[in-house]
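**Student:** So here's data-v9.pdb (PDB, C-alpha atoms, pLDDT in the B column).
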MODEL        1
ATOM      1  CA  LYS J   1      -2.112  15.150   5.021  1.00 92.00           C
ATOM      2  CA  MET J   2      -1.101  13.103   1.995  1.00 95.00           C
ATOM      3  CA  VAL J   3       1.241  10.169   1.341  1.00 96.00           C
ATOM      4  CA  LEU J   4       3.043  10.154  -2.007  1.00 97.00           C
ATOM      5  CA  THR J   5       3.754   6.644  -3.256  1.00 96.00           C
ATOM      6  CA  GLY J   6       7.251   5.690  -4.373  1.00 97.00           C
ATOM      7  CA  THR J   7       7.394   3.068  -7.127  1.00 97.00           C
ATOM      8  CA  SER J   8      11.033   3.295  -8.242  1.00 97.00           C
ATOM      9  CA  ILE J   9      14.243   4.849  -6.977  1.00 98.00           C
ATOM     10  CA  GLU J  10      13.788   7.947  -9.118  1.00 97.00           C
ATOM     11  CA  ASN J  11      10.086   8.278  -8.337  1.00 96.00           C
ATOM     12  CA  SER J  12      10.723   7.789  -4.605  1.00 98.00           C
ATOM     13  CA  ARG J  13      13.406  10.475  -4.714  1.00 98.00           C
ATOM     14  CA  GLN J  14      11.057  12.863  -6.511  1.00 98.00           C
ATOM     15  CA  SER J  15       8.263  12.171  -4.017  1.00 97.00           C
ATOM     16  CA  LEU J  16      10.537  12.874  -1.071  1.00 98.00           C
ATOM     17  CA  GLN J  17      11.766  16.066  -2.703  1.00 98.00           C
ATOM     18  CA  MET J  18       8.193  17.227  -3.212  1.00 97.00           C
ATOM     19  CA  ALA J  19       7.401  16.495   0.437  1.00 97.00           C
ATOM     20  CA  GLN J  20      10.519  18.358   1.552  1.00 98.00           C
ATOM     21  CA  ASP J  21       9.796  21.333  -0.708  1.00 97.00           C
ATOM     22  CA  TRP J  22       6.305  21.597   0.775  1.00 97.00           C
ATOM     23  CA  PHE J  23       7.725  21.518   4.294  1.00 97.00           C
ATOM     24  CA  ASP J  24      10.339  24.140   3.440  1.00 97.00           C
ATOM     25  CA  GLU J  25       7.705  26.415   1.940  1.00 96.00           C
ATOM     26  CA  THR J  26       4.970  26.040   4.549  1.00 96.00           C
ATOM     27  CA  GLY J  27       6.671  24.752   7.684  1.00 94.00           C
ATOM     28  CA  CYS J  28       4.036  22.004   7.815  1.00 93.00           C
ATOM     29  CA  ALA J  29       4.691  18.280   7.439  1.00 94.00           C
ATOM     30  CA  ASN J  30       1.565  17.641   5.386  1.00 94.00           C
ATOM     31  CA  LEU J  31       3.237  15.598   2.630  1.00 97.00           C
ATOM     32  CA  TYR J  32       5.003  12.309   3.245  1.00 98.00           C
ATOM     33  CA  ALA J  33       6.412   9.647   0.925  1.00 98.00           C
ATOM     34  CA  THR J  34       7.001   5.937   0.687  1.00 98.00           C
ATOM     35  CA  VAL J  35      10.157   4.446  -0.828  1.00 98.00           C
ATOM     36  CA  GLY J  36       9.894   1.297  -2.892  1.00 98.00           C
ATOM     37  CA  ILE J  37      10.197  -0.662  -6.106  1.00 98.00           C
ATOM     38  CA  HIS J  38       6.809  -1.528  -7.613  1.00 98.00           C
ATOM     39  CA  PRO J  39       6.499  -5.071  -8.997  1.00 98.00           C
ATOM     40  CA  HIS J  40       6.227  -3.585 -12.493  1.00 97.00           C
ATOM     41  CA  ASP J  41       9.698  -2.073 -11.973  1.00 97.00           C
ATOM     42  CA  SER J  42      11.272  -5.108 -10.328  1.00 97.00           C
ATOM     43  CA  LYS J  43      13.328  -5.770 -13.437  1.00 97.00           C
ATOM     44  CA  THR J  44      15.299  -2.599 -12.626  1.00 96.00           C
ATOM     45  CA  TRP J  45      16.552  -4.060  -9.311  1.00 97.00           C
ATOM     46  CA  SER J  46      20.356  -3.878  -9.231  1.00 97.00           C
ATOM     47  CA  ASP J  47      23.267  -4.287  -6.840  1.00 95.00           C
ATOM     48  CA  THR J  48      22.863  -0.672  -5.723  1.00 97.00           C
ATOM     49  CA  THR J  49      19.080  -0.569  -5.246  1.00 98.00           C
ATOM     50  CA  LEU J  50      19.009  -1.712  -1.630  1.00 97.00           C
ATOM     51  CA  GLU J  51      21.557   0.850  -0.475  1.00 97.00           C
ATOM     52  CA  GLU J  52      19.811   3.604  -2.402  1.00 98.00           C
ATOM     53  CA  MET J  53      16.536   2.700  -0.699  1.00 98.00           C
ATOM     54  CA  LYS J  54      18.203   2.646   2.724  1.00 98.00           C
ATOM     55  CA  GLU J  55      19.555   6.127   2.151  1.00 98.00           C
ATOM     56  CA  LEU J  56      16.187   7.513   1.033  1.00 98.00           C
ATOM     57  CA  LEU J  57      14.385   5.869   3.961  1.00 98.00           C
ATOM     58  CA  GLN J  58      16.530   7.832   6.421  1.00 97.00           C
ATOM     59  CA  HIS J  59      14.616  10.957   5.390  1.00 97.00           C
ATOM     60  CA  PRO J  60      12.260  12.048   8.199  1.00 96.00           C
ATOM     61  CA  LEU J  61       9.353  12.323   5.724  1.00 97.00           C
ATOM     62  CA  ALA J  62       9.833   8.725   4.457  1.00 98.00           C
ATOM     63  CA  VAL J  63       7.128   6.730   6.238  1.00 98.00           C
ATOM     64  CA  ALA J  64       7.034   3.239   4.667  1.00 98.00           C
ATOM     65  CA  VAL J  65       8.751   0.711   2.417  1.00 98.00           C
ATOM     66  CA  GLY J  66       6.803   0.300  -0.805  1.00 96.00           C
ATOM     67  CA  GLU J  67       4.961   0.246  -3.006  1.00 97.00           C
ATOM     68  CA  CYS J  68       6.279  -3.273  -3.394  1.00 98.00           C
ATOM     69  CA  GLY J  69       4.839  -6.727  -3.899  1.00 98.00           C
ATOM     70  CA  LEU J  70       3.736  -9.040  -6.694  1.00 98.00           C
ATOM     71  CA  ASP J  71       1.572  -8.467  -9.767  1.00 97.00           C
ATOM     72  CA  TYR J  72       0.850 -11.571 -11.854  1.00 97.00           C
ATOM     73  CA  ASN J  73      -1.852  -9.833 -13.888  1.00 94.00           C
ATOM     74  CA  ARG J  74       0.405  -7.583 -15.921  1.00 89.00           C
ATOM     75  CA  ASN J  75       3.794  -9.306 -15.486  1.00 91.00           C
ATOM     76  CA  PHE J  76       5.707  -6.239 -16.665  1.00 95.00           C
ATOM     77  CA  SER J  77       8.621  -7.800 -14.781  1.00 96.00           C
ATOM     78  CA  SER J  78       9.261 -11.537 -14.599  1.00 97.00           C
ATOM     79  CA  ARG J  79       7.874 -13.369 -11.603  1.00 97.00           C
ATOM     80  CA  GLU J  80      11.401 -14.250 -10.540  1.00 97.00           C
ATOM     81  CA  ASP J  81      12.442 -10.571 -10.558  1.00 97.00           C
ATOM     82  CA  GLN J  82       9.293  -9.604  -8.681  1.00 98.00           C
ATOM     83  CA  ILE J  83       9.847 -12.177  -5.940  1.00 98.00           C
ATOM     84  CA  ARG J  84      13.506 -11.219  -5.531  1.00 98.00           C
ATOM     85  CA  ALA J  85      12.735  -7.496  -5.228  1.00 98.00           C
ATOM     86  CA  PHE J  86       9.800  -8.091  -2.899  1.00 98.00           C
ATOM     87  CA  ARG J  87      11.775 -10.399  -0.618  1.00 97.00           C
ATOM     88  CA  GLU J  88      14.575  -7.858  -0.263  1.00 97.00           C
ATOM     89  CA  GLN J  89      12.134  -5.062   0.519  1.00 98.00           C
ATOM     90  CA  VAL J  90      10.385  -7.113   3.200  1.00 97.00           C
ATOM     91  CA  LYS J  91      13.758  -7.720   4.851  1.00 95.00           C
ATOM     92  CA  LEU J  92      14.569  -4.034   4.550  1.00 96.00           C
ATOM     93  CA  ALA J  93      11.322  -3.046   6.243  1.00 96.00           C
ATOM     94  CA  ILE J  94      12.163  -5.391   9.116  1.00 94.00           C
ATOM     95  CA  GLU J  95      15.684  -4.006   9.394  1.00 93.00           C
ATOM     96  CA  LEU J  96      14.558  -0.372   9.426  1.00 96.00           C
ATOM     97  CA  LYS J  97      11.360  -1.020  11.407  1.00 95.00           C
ATOM     98  CA  LYS J  98       9.239   0.608   8.714  1.00 97.00           C
ATOM     99  CA  PRO J  99       5.690  -0.403   7.744  1.00 98.00           C
ATOM    100  CA  LEU J 100       5.250  -2.281   4.479  1.00 98.00           C
ATOM    101  CA  PHE J 101       3.029  -0.883   1.721  1.00 98.00           C
ATOM    102  CA  ILE J 102       2.118  -3.867  -0.485  1.00 98.00           C
ATOM    103  CA  HIS J 103       0.710  -4.287  -3.988  1.00 97.00           C
ATOM    104  CA  GLU J 104      -0.763  -7.722  -4.742  1.00 97.00           C
ATOM    105  CA  ARG J 105      -2.699  -8.712  -7.814  1.00 96.00           C
ATOM    106  CA  GLU J 106      -3.462 -12.336  -8.665  1.00 96.00           C
ATOM    107  CA  ALA J 107      -0.423 -13.366  -6.611  1.00 97.00           C
ATOM    108  CA  HIS J 108      -1.847 -14.047  -3.151  1.00 98.00           C
ATOM    109  CA  ALA J 109      -0.251 -17.459  -2.596  1.00 98.00           C
ATOM    110  CA  ASP J 110       3.259 -16.386  -3.546  1.00 98.00           C
ATOM    111  CA  LEU J 111       2.946 -13.169  -1.558  1.00 98.00           C
ATOM    112  CA  ILE J 112       2.049 -15.104   1.598  1.00 98.00           C
ATOM    113  CA  ARG J 113       4.809 -17.613   0.890  1.00 97.00           C
ATOM    114  CA  VAL J 114       7.485 -14.913   0.644  1.00 97.00           C
ATOM    115  CA  LEU J 115       6.302 -13.222   3.836  1.00 96.00           C
ATOM    116  CA  ASP J 116       6.282 -16.548   5.690  1.00 94.00           C
ATOM    117  CA  GLU J 117       9.732 -17.483   4.394  1.00 94.00           C
ATOM    118  CA  VAL J 118      11.211 -14.174   5.503  1.00 93.00           C
ATOM    119  CA  LYS J 119       9.540 -14.620   8.888  1.00 88.00           C
ATOM    120  CA  GLU J 120      11.005 -18.105   9.244  1.00 85.00           C
ATOM    121  CA  ASP J 121      14.460 -16.888   8.208  1.00 81.00           C
ATOM    122  CA  SER J 122      14.346 -14.324  11.009  1.00 70.00           C
ATOM    123  CA  GLY J 123      14.160 -17.103  13.609  1.00 62.00           C
ATOM    124  CA  SER J 124      11.832 -17.887  16.481  1.00 47.00           C
ATOM    125  CA  SER J 125      11.015 -14.211  17.055  1.00 51.00           C
ATOM    126  CA  GLY J 126      10.055 -13.747  13.412  1.00 46.00           C
ATOM    127  CA  GLU J 127       6.382 -13.243  14.246  1.00 50.00           C
ATOM    128  CA  LEU J 128       7.345 -10.092  16.091  1.00 52.00           C
ATOM    129  CA  LEU J 129       9.786  -8.918  13.456  1.00 77.00           C
ATOM    130  CA  LEU J 130       7.435  -8.784  10.479  1.00 87.00           C
ATOM    131  CA  PRO J 131       6.513  -5.155   9.815  1.00 92.00           C
ATOM    132  CA  THR J 132       3.047  -3.668   9.976  1.00 96.00           C
ATOM    133  CA  ILE J 133       1.474  -4.387   6.579  1.00 98.00           C
ATOM    134  CA  VAL J 134      -1.205  -2.915   4.362  1.00 98.00           C
ATOM    135  CA  VAL J 135      -2.345  -4.655   1.188  1.00 98.00           C
ATOM    136  CA  HIS J 136      -3.376  -1.611  -0.785  1.00 96.00           C
ATOM    137  CA  CYS J 137      -5.880  -1.315  -3.617  1.00 95.00           C
ATOM    138  CA  PHE J 138      -7.407  -4.669  -2.716  1.00 97.00           C
ATOM    139  CA  THR J 139      -9.201  -6.471  -5.565  1.00 94.00           C
ATOM    140  CA  GLY J 140      -8.976 -10.072  -4.384  1.00 95.00           C
ATOM    141  CA  THR J 141     -11.411 -12.634  -3.037  1.00 96.00           C
ATOM    142  CA  LYS J 142     -13.228 -12.867   0.288  1.00 95.00           C
ATOM    143  CA  GLU J 143     -10.992 -15.764   1.340  1.00 97.00           C
ATOM    144  CA  GLU J 144      -7.862 -13.752   0.577  1.00 97.00           C
ATOM    145  CA  ALA J 145      -9.196 -10.761   2.485  1.00 97.00           C
ATOM    146  CA  PHE J 146      -9.947 -12.945   5.508  1.00 97.00           C
ATOM    147  CA  GLU J 147      -6.431 -14.377   5.515  1.00 97.00           C
ATOM    148  CA  TYR J 148      -4.920 -10.903   5.443  1.00 97.00           C
ATOM    149  CA  ILE J 149      -7.142  -9.794   8.304  1.00 97.00           C
ATOM    150  CA  GLN J 150      -6.364 -12.914  10.343  1.00 96.00           C
ATOM    151  CA  ARG J 151      -2.691 -12.099   9.933  1.00 95.00           C
ATOM    152  CA  GLY J 152      -3.268  -8.611  11.288  1.00 95.00           C
ATOM    153  CA  TYR J 153      -2.769  -6.758   8.010  1.00 97.00           C
ATOM    154  CA  TYR J 154      -4.670  -3.684   6.918  1.00 98.00           C
ATOM    155  CA  ILE J 155      -6.604  -3.675   3.631  1.00 98.00           C
ATOM    156  CA  GLY J 156      -6.851  -0.624   1.408  1.00 98.00           C
ATOM    157  CA  PHE J 157      -9.898   0.056  -0.762  1.00 97.00           C
ATOM    158  CA  THR J 158     -10.051   2.444  -3.718  1.00 96.00           C
ATOM    159  CA  GLY J 159     -12.863   3.835  -5.848  1.00 95.00           C
ATOM    160  CA  THR J 160     -13.261   0.407  -7.428  1.00 95.00           C
ATOM    161  CA  ILE J 161     -15.789  -0.341  -4.677  1.00 96.00           C
ATOM    162  CA  CYS J 162     -17.942   2.469  -6.093  1.00 95.00           C
ATOM    163  CA  LYS J 163     -18.260   0.812  -9.507  1.00 94.00           C
ATOM    164  CA  LYS J 164     -21.610  -0.896  -9.968  1.00 93.00           C
ATOM    165  CA  GLU J 165     -20.489  -4.257 -11.356  1.00 94.00           C
ATOM    166  CA  ARG J 166     -16.754  -4.447 -10.721  1.00 93.00           C
ATOM    167  CA  GLY J 167     -17.156  -3.191  -7.175  1.00 96.00           C
ATOM    168  CA  ALA J 168     -19.974  -5.596  -6.225  1.00 97.00           C
ATOM    169  CA  PRO J 169     -17.714  -8.462  -5.026  1.00 96.00           C
ATOM    170  CA  LEU J 170     -15.706  -6.032  -2.916  1.00 97.00           C
ATOM    171  CA  ARG J 171     -18.826  -4.507  -1.379  1.00 97.00           C
ATOM    172  CA  ASP J 172     -19.922  -8.029  -0.442  1.00 97.00           C
ATOM    173  CA  ILE J 173     -16.677  -8.423   1.514  1.00 96.00           C
ATOM    174  CA  LEU J 174     -16.806  -5.123   3.396  1.00 97.00           C
ATOM    175  CA  PRO J 175     -19.313  -6.026   6.155  1.00 96.00           C
ATOM    176  CA  SER J 176     -17.040  -8.871   7.246  1.00 95.00           C
ATOM    177  CA  ILE J 177     -13.923  -6.721   7.643  1.00 96.00           C
ATOM    178  CA  PRO J 178     -13.330  -4.881  10.950  1.00 97.00           C
ATOM    179  CA  LEU J 179     -13.361  -1.140  10.384  1.00 97.00           C
ATOM    180  CA  GLU J 180     -10.136  -0.831  12.358  1.00 97.00           C
ATOM    181  CA  ARG J 181      -8.420  -2.809   9.574  1.00 98.00           C
ATOM    182  CA  ILE J 182      -9.687  -0.752   6.624  1.00 98.00           C
ATOM    183  CA  MET J 183      -7.788   2.035   4.903  1.00 98.00           C
ATOM    184  CA  VAL J 184      -9.229   4.397   2.289  1.00 97.00           C
ATOM    185  CA  GLU J 185      -7.263   5.475  -0.781  1.00 96.00           C
ATOM    186  CA  THR J 186      -7.590   6.440  -4.429  1.00 93.00           C
ATOM    187  CA  ASP J 187      -4.307   5.220  -6.006  1.00 88.00           C
ATOM    188  CA  ALA J 188      -4.365   8.616  -7.750  1.00 87.00           C
ATOM    189  CA  PRO J 189      -4.011   9.405 -10.548  1.00 84.00           C
ATOM    190  CA  PHE J 190      -5.019   5.848 -11.436  1.00 85.00           C
ATOM    191  CA  MET J 191      -8.223   3.942 -10.685  1.00 78.00           C
ATOM    192  CA  GLY J 192     -10.615   6.666 -11.829  1.00 82.00           C
ATOM    193  CA  PHE J 193     -14.187   5.756 -10.932  1.00 88.00           C
ATOM    194  CA  LYS J 194     -16.345   8.816 -11.521  1.00 84.00           C
ATOM    195  CA  LYS J 195     -18.356   9.371 -14.682  1.00 82.00           C
ATOM    196  CA  LYS J 196     -16.611  11.509 -17.297  1.00 78.00           C
ATOM    197  CA  LYS J 197     -13.473  11.522 -15.155  1.00 82.00           C
ATOM    198  CA  ARG J 198     -10.696   9.248 -16.335  1.00 85.00           C
ATOM    199  CA  PHE J 199      -8.349   9.847 -13.420  1.00 90.00           C
ATOM    200  CA  SER J 200      -8.780   9.929  -9.655  1.00 88.00           C
ATOM    201  CA  GLU J 201      -7.440  12.462  -7.165  1.00 93.00           C
ATOM    202  CA  PRO J 202      -6.833  12.376  -3.397  1.00 93.00           C
ATOM    203  CA  ALA J 203     -10.061  14.280  -2.666  1.00 94.00           C
ATOM    204  CA  ASP J 204     -11.981  11.277  -4.026  1.00 95.00           C
ATOM    205  CA  CYS J 205     -11.175   9.440  -0.791  1.00 96.00           C
ATOM    206  CA  VAL J 206     -14.316  11.041   0.585  1.00 97.00           C
ATOM    207  CA  ASP J 207     -16.472   9.203  -1.952  1.00 96.00           C
ATOM    208  CA  VAL J 208     -14.734   5.911  -1.209  1.00 97.00           C
ATOM    209  CA  ALA J 209     -15.398   6.391   2.499  1.00 98.00           C
ATOM    210  CA  LYS J 210     -19.029   7.249   1.833  1.00 98.00           C
ATOM    211  CA  MET J 211     -19.484   4.039  -0.136  1.00 97.00           C
ATOM    212  CA  ILE J 212     -17.941   2.008   2.683  1.00 98.00           C
ATOM    213  CA  ALA J 213     -20.277   3.699   5.156  1.00 98.00           C
ATOM    214  CA  ALA J 214     -23.337   3.003   3.026  1.00 98.00           C
ATOM    215  CA  THR J 215     -22.301  -0.611   2.511  1.00 97.00           C
ATOM    216  CA  ILE J 216     -21.747  -1.421   6.185  1.00 97.00           C
ATOM    217  CA  ASP J 217     -24.600   0.846   7.318  1.00 97.00           C
ATOM    218  CA  VAL J 218     -22.782   3.267   9.599  1.00 98.00           C
ATOM    219  CA  PRO J 219     -22.575   7.092   9.521  1.00 98.00           C
ATOM    220  CA  ALA J 220     -19.979   8.406   7.091  1.00 98.00           C
ATOM    221  CA  VAL J 221     -18.204  10.250   9.895  1.00 98.00           C
ATOM    222  CA  THR J 222     -17.592   6.912  11.605  1.00 98.00           C
ATOM    223  CA  VAL J 223     -15.676   5.711   8.551  1.00 98.00           C
ATOM    224  CA  TYR J 224     -13.870   9.047   8.190  1.00 98.00           C
ATOM    225  CA  ASP J 225     -12.639   8.926  11.782  1.00 97.00           C
ATOM    226  CA  ALA J 226     -11.723   5.236  11.845  1.00 98.00           C
ATOM    227  CA  THR J 227      -9.852   5.086   8.541  1.00 98.00           C
ATOM    228  CA  THR J 228      -8.023   8.334   9.240  1.00 97.00           C
ATOM    229  CA  ALA J 229      -6.896   6.975  12.607  1.00 97.00           C
ATOM    230  CA  ASN J 230      -5.815   3.749  10.881  1.00 97.00           C
ATOM    231  CA  ALA J 231      -3.684   5.665   8.385  1.00 97.00           C
ATOM    232  CA  PHE J 232      -2.058   7.825  11.061  1.00 97.00           C
ATOM    233  CA  ARG J 233      -1.277   4.725  13.112  1.00 96.00           C
ATOM    234  CA  PHE J 234       0.048   2.713  10.175  1.00 97.00           C
ATOM    235  CA  PHE J 235       2.330   5.426   8.789  1.00 97.00           C
ATOM    236  CA  GLY J 236       3.308   6.817  12.182  1.00 95.00           C
ATOM    237  CA  ILE J 237       2.066  10.284  11.287  1.00 93.00           C
ATOM    238  CA  ASN J 238       1.070  12.827  13.926  1.00 83.00           C
ATOM    239  CA  LYS J 239      -2.424  14.265  13.625  1.00 70.00           C
ATOM    240  CA  VAL J 240      -1.241  17.829  14.282  1.00 57.00           C
TER     241      VAL J 240
ENDMDL
END
What is this file in structure tokens?

**Tutor:**
Amino acid sequence: KMVLTGTSIENSRQSLQMAQDWFDETGCANLYATVGIHPHDSKTWSDTTLEEMKELLQHPLAVAVGECGLDYNRNFSSREDQIRAFREQVKLAIELKKPLFIHEREAHADLIRVLDEVKEDSGSSGELLLPTIVVHCFTGTKEEAFEYIQRGYYIGFTGTICKKERGAPLRDILPSIPLERIMVETDAPFMGFKKKKRFSEPADCVDVAKMIAATIDVPAVTVYDATTANAFRFFGINKV
């Protein structure tokens, strides 16, 4: 099974159509999609975006709100636009009871602040109303990882952990993170990590899982089983 990531209205629509086409052709729900506005595309947020997202998220193969969040490394959209779009998508995930697929890069403090503000705005039961969250493609610090885990979020790791130098700080973090909170991904076609291979592909998840297993000193199958179960649980996908 595979989850196609939506990063704009058009891209989310295309991802859902691909998932539907696969189902129509095979009769198997093996492709799913998320619906979201990536922080890079936050500047495209308009008066119609929220309703368009709501409509797309009614599709039975739409499994999460996102990819959404904050990226202060690239700043392809202004920070103000990013925060506005992220805040609205958090509220949408709460309203529709969908998990939240988050992108965060060099924006940890503001990300936490927005989540806490939305929680407070939802009243005394806000703690229960916040959606299930994964911070995907994690590249932050040990302290940031610990805060996410303490809040009950999942953390997604890509092939970056396989890189000798760039992945070293992330490998240092891994033994301290409960396996039941780890998700494995590639961010394909981005985040290529193999020699002579610029891009990544979904099959590379196996190599990411193997690196996690080697780092925390458990059999690879233990990581395969745990992270697969985490993904099924997070996205609400049936194993069959």

**Student:** Run the PyMOL selection byres ((chain J and resi 152) around 12) against the file shown and list the residues it catches, as a CSV table (one decimal) with C-alpha atoms, in the frame of the given file.

**Tutor:**
chain,number,residue,atom,x,y,z
J,127,GLU,CA,6.4,-13.2,14.2
J,128,LEU,CA,7.3,-10.1,16.1
J,130,LEU,CA,7.4,-8.8,10.5
J,131,PRO,CA,6.5,-5.2,9.8
J,132,THR,CA,3.0,-3.7,10.0
J,133,ILE,CA,1.5,-4.4,6.6
J,134,VAL,CA,-1.2,-2.9,4.4
J,135,VAL,CA,-2.3,-4.7,1.2
J,145,ALA,CA,-9.2,-10.8,2.5
J,146,PHE,CA,-9.9,-12.9,5.5
J,147,GLU,CA,-6.4,-14.4,5.5
J,148,TYR,CA,-4.9,-10.9,5.4
J,149,ILE,CA,-7.1,-9.8,8.3
J,150,GLN,CA,-6.4,-12.9,10.3
J,151,ARG,CA,-2.7,-12.1,9.9
J,153,TYR,CA,-2.8,-6.8,8.0
J,154,TYR,CA,-4.7,-3.7,6.9
J,155,ILE,CA,-6.6,-3.7,3.6
J,177,ILE,CA,-13.9,-6.7,7.6
J,178,PRO,CA,-13.3,-4.9,11.0
J,180,GLU,CA,-10.1,-0.8,12.4
J,181,ARG,CA,-8.4,-2.8,9.6
J,182,ILE,CA,-9.7,-0.8,6.6
J,234,PHE,CA,0.0,2.7,10.2

**Student:** Might you spell out which residues the PyMOL selection byres ((chain J and resi 69) around 6) would select in the displayed file, as JSON, numbers by chain?

**Tutor:** {"J": [39, 68, 70, 86, 102, 103, 104]}

**Student:** Separation of CA of Gly156 in chain J and CA of Thr139 in chain J, in Å?

**Tutor:**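 Those two atoms sit 9.4 Å apart.
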
**Student:** CA of Asp71 in chain J and CA of Ser42 in chain J are how many Å apart?

**Tutor:** 10.3 Å

**Student:** Record the distance separating CA of Thr141 in chain J and CA of Phe157 in chain J, expressed in Å with one decimal.

**Tutor:**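 Result for CA of Thr141 in chain J versus CA of Phe157 in chain J: 13.0 Å, one decimal.
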
**Student:** If we count all atoms listed in the file and set the cut-off at 10 Å, which residues sit around Lys91 in chain J, ignoring sequence neighbours fewer than 2 positions away in its own chain? Please answer as a ChimeraX atom specification.

**Tutor:** /J:86-89,93-97,115,118-119,121-122,129-131

**Student:** Identify which of the residues J:Tyr224, J:Phe193, J:Phe76, J:Phe138 lies closest to Phe101 in chain J, counting only C-alpha atoms when measuring atom-to-atom distances.

**Tutor:** J:Phe138

**Student:** Please list as a PyMOL selection string every residue within 10 Å of Leu57 in chain J, counting only C-alpha atoms and excluding residues in the same chain fewer than 2 positions away.

**Tutor:** chain J and resi 12-13+16+33-36+51-55+59-65+92-93+96+98

**Student:** Which residues fall under the PyMOL selection byres ((chain J and resi 188) around 9) in this file, as a CSV table (one decimal) with C-alpha atoms, keeping the file's coordinate frame?

**Tutor:**
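What landed in part-v7.csv:
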chain,number,residue,atom,x,y,z
J,185,GLU,CA,-7.3,5.5,-0.8
J,186,THR,CA,-7.6,6.4,-4.4
J,187,ASP,CA,-4.3,5.2,-6.0
J,189,PRO,CA,-4.0,9.4,-10.5
J,190,PHE,CA,-5.0,5.8,-11.4
J,191,MET,CA,-8.2,3.9,-10.7
J,192,GLY,CA,-10.6,6.7,-11.8
J,199,PHE,CA,-8.3,9.8,-13.4
J,200,SER,CA,-8.8,9.9,-9.7
J,201,GLU,CA,-7.4,12.5,-7.2
J,202,PRO,CA,-6.8,12.4,-3.4
J,204,ASP,CA,-12.0,11.3,-4.0

**Student:** Find, counting all atoms listed in the file, the residue in J:Thr222, J:Thr215, J:Asn238, J:Gln58 that gets nearest to Leu31 in chain J.

**Tutor:** J:Asn238

**Student:** Might you pull out every residue within 12 Å of Ala226 in chain J, with all atoms listed in the file counted and same-chain residues fewer than 6 positions away left off, and present them as a CSV table (one decimal) with C-alpha atoms, keeping the file's coordinate frame?

**Tutor:**
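Result written to around-v2.csv:
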chain,number,residue,atom,x,y,z
J,178,PRO,CA,-13.3,-4.9,11.0
J,179,LEU,CA,-13.4,-1.1,10.4
J,180,GLU,CA,-10.1,-0.8,12.4
J,181,ARG,CA,-8.4,-2.8,9.6
J,182,ILE,CA,-9.7,-0.8,6.6
J,183,MET,CA,-7.8,2.0,4.9
J,184,VAL,CA,-9.2,4.4,2.3
J,209,ALA,CA,-15.4,6.4,2.5
J,212,ILE,CA,-17.9,2.0,2.7
J,213,ALA,CA,-20.3,3.7,5.2
J,218,VAL,CA,-22.8,3.3,9.6
J,219,PRO,CA,-22.6,7.1,9.5
J,220,ALA,CA,-20.0,8.4,7.1
J,232,PHE,CA,-2.1,7.8,11.1
J,233,ARG,CA,-1.3,4.7,13.1

**Student:** Using the file's own x, y and z axes, what box holds all listed atoms of range 72-78 of chain J with 6 Å on each side, keeping edges along x, y and z, and what are its centre and edge lengths in Å to one decimal, as AutoDock Vina command-line options?

**Tutor:**
--center_x 3.7 --center_y -8.9 --center_z -14.3 --size_x 23.1 --size_y 17.3 --size_z 16.8

**Student:** Restricting the calculation to only C-alpha atoms, which member of J:Arg105, J:Lys239, J:Arg84, J:His136 is positioned closest to Thr5 in chain J?

**Tutor:**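 The answer is J:His136, which sits nearest to Thr5 in chain J.
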
**Student:** Find the residue from J:Met2, J:Ile9, J:Cys137, J:Ile173 that sits nearest to Ala29 in chain J; use only C-alpha atoms when measuring.

**Tutor:**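 For Ala29 in chain J, the nearest of the candidates is J:Met2.
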